[in-house]
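Student: Could you have a look at this structure, given as structure tokens, before my questions?
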Amino acid sequence: MKKILYITLTAVVLASCGGGSNNSVENVIASNDIGAIRAKQAEISKEQKALEMKLKSLDSAIAVLDDSAKLPLVTAIEAKPQKFDHYLELQGDVMTKQNVLIYPEMAGTLYRVYVKEGQKVSKGQLLASIDDGGLSSQLAQLRTQEELSKTTFERQKRLWEQNIGSEIQFLQAKTNYESQRSAVKQLESQVAKSTIRAPFSGIIDDVIKDEGTVVSPGPGSEVFRIVNLSNMYIEVEVPESHLTNVTPGKDVKVYFPVLGDSVSTKIRQTGNFINPANRSFTAEIPVPSHDGKIKPNLTARVMINDYTSEDAILIPQSIVSENADGEQYVFLVDADSISTDPVARKVVIETGKTQGDYVEVLSGINSGDGIIDEGARSVKEGQKVKIKNNI
């Protein structure tokens with residue numbers, strides 16, 4: 001406004017100085033007289049300075065008479081109850097209880113590998129076989145002998161039931177059959193160790209030994225790594241102060257920074273032991289299968305919903321101040337004066353939990369109150385303010 005007034009007055013002065021006169025700016029320039037041009041320049045500069053002095057006087061008068069020009073310019077927000085979910089944020093790694101190395105149960109040459117890396121397998125499926133060194137042939141012979149002893153026993157039994165033959169013959173036949181059957185079962189157990197089967201359904205993550213490799217039970221002879229990605233979980237250490245808030249069934253948001261993705265789940269179980277070293281207990285959180293992208297040992301950020309209020313009043317933390325007594329306060333605008341003559345009023349508040357940039361107000365602010373937001377640090381108790389937004 002001042003700029004427009006200045007331009008207008010300048011134009012008026014220039015017009016009054018030059019219009020219809022032989023001493024106009026155009027005529028002086030046309031005369032090509034350097035002395036006259038400089039004299040005209042000095043004359044106009046003097047008039048410009050006089051105008052600037054008049055503008056300053058006008059500005060001073062406006063500042064004295066216009067009270068609104070002195071008022072702090074603020075914005076205000078209306079206090080509205082809303083649902084507030086607070087989350088406890090922790091760090092954890094994805095784990096699975098079905099991530100194991102498979103070892104052979106007998107020594108020998110790895111005769112055949114039936115699976116490859118990345119292949120899905122079911123529980124009990126044959127993964128590999130080991131050369132049994134002739135145990136299968138021995139088993140076949142024992143089974144033949146078992147069949148013979150069984151037949152002999154059954155015939156001797158029928159004769160004994162007809163009171164034919166001696167008791168000792170019957171008992172010998174029975175003992176021989178049971179001995180042969182026990183030997184067959186024992187050798188079958190030995191032969192079974194020559195095959196490697198899946199202990200549970202999952203994915204072959206790694207084939208460690210190749211066909212033809214000599215293997216034996218014990219460390220260093222692992223043949224496969226099998227992983228089940230359908231039963232993964234995250235175990236986090238929760239501070240003991242949250243013992244009553246972090247319980248089974250609580251909602252959890254799990255974010256994977258590497259994947260840039262998140263899943264929603266619930267706490268499956270919590271530990272019954274407080275670790276004296278860090279005063280915490282464990283919480284186990286299942287992680288549902290998510291397109292096969294989630295892997296064991298993947299880092300995750302866990303956010304546990306430990307508190308919820310259905311009608312909380314939230315305000316920005318940046319507008320909360322603290323006095324010398326340690327009390328927190330904010331400035332409100334009386335509702336009756338918002339549209340006419342707004343006045344700042346300081347109120348002491350009690351705050352609760354914080355989430356992000358917002359803090360919950362437990363007391364001191366009611367629904368519908370106008371809270372000074374921008375400019376809150378520059379106002380004083382009882383001071384009139386100018387609100388630049390509608391609330």
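Quick note on naming: the chains in the structure tokens go A, B, ... in the order shown, residues restart at 1 in each chain, and ligands are numbered from 1 in order of appearance.
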List the spatial neighbours of range 278-282 of chain A as a ChimeraX atom specification - criterion: any atom at most 12 Å away, only C-alpha atoms, same-chain residues fewer than 5 positions off excluded.

Tutor: /A:90,92,234-244,246-248,267-273

Student: Tell me, which residues of range 131-359 of chain A carry DSSP helix (DSSP H, G or I), written as an MDAnalysis selection string?

Tutor: chainID A and resid 135:161 167:192 240:242 317:319 335:337

Student: Using only C-alpha atoms, pick whichever of A:Lys384, A:Gly364, A:Lys250, A:Ala344 has the shortest atom-to-atom distance to Tyr87 in chain A.

Tutor: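 Smallest separation from Tyr87 in chain A among the options: A:Lys250.
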
Student: Take CA of Asp334 in chain A and CA of Asp85 in chain A and report the distance between them in Å, one decimal.

Tutor: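 Distance between the two atoms: 29.4 Å.
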
Student: Quick one: everything within 12 Å of Asn323 in chain A, counting only C-alpha atoms, minus sequence neighbours fewer than 4 positions away in the same chain. Send it as a ChimeraX atom specification.

Tutor: /A:327-330,346-349

Student: Based on the selection just made, write C-alpha atoms of those residues as a PDB file, in the first residue's frame.

Tutor:
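Saved file out37.pdb follows:
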ATOM      1  CA  GLU A 327       4.204 -26.836  34.659  1.00  0.00           C
ATOM      2  CA  GLN A 328       3.342 -27.172  30.992  1.00  0.00           C
ATOM      3  CA  TYR A 329       1.050 -24.624  29.393  1.00  0.00           C
ATOM      4  CA  VAL A 330      -0.423 -23.445  26.104  1.00  0.00           C
ATOM      5  CA  LYS A 346      -2.708 -19.128  29.216  1.00  0.00           C
ATOM      6  CA  VAL A 347      -3.832 -22.505  30.618  1.00  0.00           C
ATOM      7  CA  VAL A 348      -1.799 -25.108  32.468  1.00  0.00           C
ATOM      8  CA  ILE A 349      -2.205 -28.592  30.966  1.00  0.00           C
TER       9      ILE A 349
END

Student: Hey, what's within 9 Å of Gln383 in chain A if we count only C-alpha atoms and toss same-chain stuff fewer than 4 positions away? As a PyMOL selection string, please?

Tutor: chain A and resi 71-72+342-345+379

Student: Just the residues within 10 Å of Lys353 in chain A, please, counting only C-alpha atoms, with nothing from its chain fewer than 3 positions along; format it as a list in words.

Tutor: Phe84, Asp85, His86, Tyr87, Tyr307, Leu314, Tyr358, Val359, Glu360, Val361 and Leu362 of chain A

Student: Here is a test: counting only C-alpha atoms, which residue of A:Gln156, A:Asn366, A:Thr144, A:Ser378 is nearest to Leu73 in chain A?

Tutor: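 Between A:Gln156, A:Asn366, A:Thr144, A:Ser378, the residue approaching Leu73 in chain A most closely is A:Ser378.
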
Student: According to DSSP computed on the backbone, where in range 49-110 of chain A is there strand (DSSP E)? Give the residues as a PyMOL selection string.

Tutor: chain A and resi 73-74+76-78+82-96+99-102+108-110

Student: Please save N, CA and C atoms of the selected residues as a PDB file, in the first residue's frame.

Tutor:
ATOM      1  N   LEU A  73       0.195 -11.694  14.967  1.00  0.00           N
ATOM      2  CA  LEU A  73      -0.549 -12.489  13.991  1.00  0.00           C
ATOM      3  C   LEU A  73      -0.342 -13.959  14.320  1.00  0.00           C
ATOM      4  N   VAL A  74      -1.445 -14.672  14.594  1.00  0.00           N
ATOM      5  CA  VAL A  74      -1.351 -16.076  15.008  1.00  0.00           C
ATOM      6  C   VAL A  74      -2.340 -16.912  14.199  1.00  0.00           C
ATOM      7  N   ALA A  76      -4.879 -20.496  14.799  1.00  0.00           N
ATOM      8  CA  ALA A  76      -5.496 -21.257  15.880  1.00  0.00           C
ATOM      9  C   ALA A  76      -6.091 -22.543  15.334  1.00  0.00           C
ATOM     10  N   ILE A  77      -6.084 -23.590  16.184  1.00  0.00           N
ATOM     11  CA  ILE A  77      -6.681 -24.878  15.821  1.00  0.00           C
ATOM     12  C   ILE A  77      -7.744 -25.224  16.859  1.00  0.00           C
ATOM     13  N   GLU A  78      -8.762 -25.936  16.430  1.00  0.00           N
ATOM     14  CA  GLU A  78      -9.831 -26.312  17.338  1.00  0.00           C
ATOM     15  C   GLU A  78      -9.538 -27.676  17.956  1.00  0.00           C
ATOM     16  N   GLN A  82     -10.362 -37.354  19.289  1.00  0.00           N
ATOM     17  CA  GLN A  82     -10.115 -38.324  18.224  1.00  0.00           C
ATOM     18  C   GLN A  82      -9.450 -39.563  18.812  1.00  0.00           C
ATOM     19  N   LYS A  83      -9.488 -40.647  18.037  1.00  0.00           N
ATOM     20  CA  LYS A  83      -8.863 -41.884  18.500  1.00  0.00           C
ATOM     21  C   LYS A  83      -7.348 -41.739  18.445  1.00  0.00           C
ATOM     22  N   PHE A  84      -6.703 -42.175  19.524  1.00  0.00           N
ATOM     23  CA  PHE A  84      -5.246 -42.058  19.633  1.00  0.00           C
ATOM     24  C   PHE A  84      -4.654 -43.423  19.947  1.00  0.00           C
ATOM     25  N   ASP A  85      -3.831 -43.915  19.048  1.00  0.00           N
ATOM     26  CA  ASP A  85      -3.114 -45.182  19.243  1.00  0.00           C
ATOM     27  C   ASP A  85      -1.642 -44.875  19.489  1.00  0.00           C
ATOM     28  N   HIS A  86      -1.152 -45.319  20.630  1.00  0.00           N
ATOM     29  CA  HIS A  86       0.262 -45.128  20.940  1.00  0.00           C
ATOM     30  C   HIS A  86       1.003 -46.436  20.687  1.00  0.00           C
ATOM     31  N   TYR A  87       2.194 -46.333  20.120  1.00  0.00           N
ATOM     32  CA  TYR A  87       2.964 -47.523  19.771  1.00  0.00           C
ATOM     33  C   TYR A  87       4.332 -47.491  20.442  1.00  0.00           C
ATOM     34  N   LEU A  88       4.691 -48.631  21.012  1.00  0.00           N
ATOM     35  CA  LEU A  88       6.032 -48.834  21.553  1.00  0.00           C
ATOM     36  C   LEU A  88       6.905 -49.382  20.429  1.00  0.00           C
ATOM     37  N   GLU A  89       7.962 -48.671  20.111  1.00  0.00           N
ATOM     38  CA  GLU A  89       8.802 -49.065  18.976  1.00  0.00           C
ATOM     39  C   GLU A  89      10.041 -49.809  19.452  1.00  0.00           C
ATOM     40  N   LEU A  90      10.259 -51.002  18.888  1.00  0.00           N
ATOM     41  CA  LEU A  90      11.394 -51.844  19.243  1.00  0.00           C
ATOM     42  C   LEU A  90      12.050 -52.394  17.975  1.00  0.00           C
ATOM     43  N   GLN A  91      13.226 -52.957  18.142  1.00  0.00           N
ATOM     44  CA  GLN A  91      13.974 -53.539  17.019  1.00  0.00           C
ATOM     45  C   GLN A  91      14.081 -55.042  17.208  1.00  0.00           C
ATOM     46  N   GLY A  92      13.997 -55.785  16.097  1.00  0.00           N
ATOM     47  CA  GLY A  92      14.128 -57.233  16.183  1.00  0.00           C
ATOM     48  C   GLY A  92      14.528 -57.840  14.855  1.00  0.00           C
ATOM     49  N   ASP A  93      14.786 -59.133  14.881  1.00  0.00           N
ATOM     50  CA  ASP A  93      15.159 -59.875  13.679  1.00  0.00           C
ATOM     51  C   ASP A  93      14.169 -61.010  13.453  1.00  0.00           C
ATOM     52  N   VAL A  94      13.917 -61.312  12.187  1.00  0.00           N
ATOM     53  CA  VAL A  94      13.022 -62.414  11.844  1.00  0.00           C
ATOM     54  C   VAL A  94      13.718 -63.735  12.167  1.00  0.00           C
ATOM     55  N   MET A  95      12.966 -64.631  12.779  1.00  0.00           N
ATOM     56  CA  MET A  95      13.515 -65.938  13.155  1.00  0.00           C
ATOM     57  C   MET A  95      12.533 -67.029  12.732  1.00  0.00           C
ATOM     58  N   THR A  96      13.017 -68.252  12.696  1.00  0.00           N
ATOM     59  CA  THR A  96      12.153 -69.401  12.462  1.00  0.00           C
ATOM     60  C   THR A  96      12.676 -70.570  13.274  1.00  0.00           C
ATOM     61  N   ASN A  99      14.598 -74.030  10.966  1.00  0.00           N
ATOM     62  CA  ASN A  99      15.731 -73.660  10.129  1.00  0.00           C
ATOM     63  C   ASN A  99      16.901 -74.514  10.605  1.00  0.00           C
ATOM     64  N   VAL A 100      17.081 -75.676   9.993  1.00  0.00           N
ATOM     65  CA  VAL A 100      18.032 -76.648  10.532  1.00  0.00           C
ATOM     66  C   VAL A 100      18.960 -77.180   9.454  1.00  0.00           C
ATOM     67  N   LEU A 101      20.114 -77.674   9.938  1.00  0.00           N
ATOM     68  CA  LEU A 101      21.055 -78.409   9.095  1.00  0.00           C
ATOM     69  C   LEU A 101      20.760 -79.901   9.272  1.00  0.00           C
ATOM     70  N   ILE A 102      20.765 -80.636   8.170  1.00  0.00           N
ATOM     71  CA  ILE A 102      20.464 -82.070   8.207  1.00  0.00           C
ATOM     72  C   ILE A 102      21.768 -82.856   8.054  1.00  0.00           C
ATOM     73  N   GLY A 108      29.300 -93.345   5.023  1.00  0.00           N
ATOM     74  CA  GLY A 108      29.260 -93.972   3.702  1.00  0.00           C
ATOM     75  C   GLY A 108      29.347 -92.932   2.596  1.00  0.00           C
ATOM     76  N   THR A 109      29.263 -93.415   1.383  1.00  0.00           N
ATOM     77  CA  THR A 109      29.319 -92.533   0.217  1.00  0.00           C
ATOM     78  C   THR A 109      27.915 -92.034  -0.115  1.00  0.00           C
ATOM     79  N   LEU A 110      27.823 -90.718  -0.339  1.00  0.00           N
ATOM     80  CA  LEU A 110      26.522 -90.136  -0.710  1.00  0.00           C
ATOM     81  C   LEU A 110      26.178 -90.631  -2.113  1.00  0.00           C
TER      82      LEU A 110
END

Student: With only C-alpha atoms as the counted atoms, please give the residues lying no more than 9 Å from Ala173 in chain A, apart from itself and same-chain residues fewer than 4 positions off, as a list in words.

Tutor: Ser149, Lys150, Thr152, Phe153, Glu154, Gln156, Lys157, Ile168, Gln169, Tyr177 and Glu178 of chain A

Student: Generate the output file for the selected residues, N, CA and C atoms, as a compact mmCIF listing (two decimals), in the first residue's frame.

Tutor:
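File produced: out00.txt:
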# COMPACT_ATOMS: atom_id res chain seq x y z
N SER A 149 11.03 -119.07 9.33
CA SER A 149 10.81 -119.32 10.76
C SER A 149 9.35 -119.07 11.14
N LYS A 150 8.71 -118.11 10.45
CA LYS A 150 7.29 -117.83 10.71
C LYS A 150 6.42 -119.02 10.29
N THR A 152 7.40 -122.13 9.97
CA THR A 152 7.68 -123.25 10.88
C THR A 152 6.92 -123.08 12.20
N PHE A 153 6.94 -121.85 12.70
CA PHE A 153 6.26 -121.58 13.97
C PHE A 153 4.74 -121.81 13.85
N GLU A 154 4.15 -121.32 12.76
CA GLU A 154 2.70 -121.45 12.58
C GLU A 154 2.28 -122.93 12.49
N GLN A 156 4.01 -125.54 13.71
CA GLN A 156 4.24 -126.17 15.01
C GLN A 156 3.15 -125.79 16.00
N LYS A 157 2.64 -124.57 15.82
CA LYS A 157 1.57 -124.10 16.70
C LYS A 157 0.29 -124.90 16.47
N ILE A 168 8.46 -128.56 23.82
CA ILE A 168 9.76 -127.95 23.55
C ILE A 168 9.94 -127.61 22.08
N GLN A 169 9.37 -128.42 21.21
CA GLN A 169 9.44 -128.10 19.77
C GLN A 169 8.66 -126.82 19.46
N TYR A 177 11.40 -117.78 15.63
CA TYR A 177 10.67 -116.79 14.83
C TYR A 177 10.81 -115.38 15.43
N GLU A 178 10.64 -115.28 16.75
CA GLU A 178 10.76 -113.96 17.38
C GLU A 178 12.17 -113.41 17.25

Student: From the options A:Gln141, A:Val207, A:Ile196, A:Glu222, which residue's atoms come nearest to Gln180 in chain A, counting only C-alpha atoms?

Tutor: A:Gln141

Student: Pick out the closest residue to Asn245 in chain A from this set: A:Asp261, A:Asp306, A:Asp33, A:Asp291. Count only C-alpha atoms.

Tutor: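 Residue with the minimum atom-to-atom distance to Asn245 in chain A: A:Asp306.
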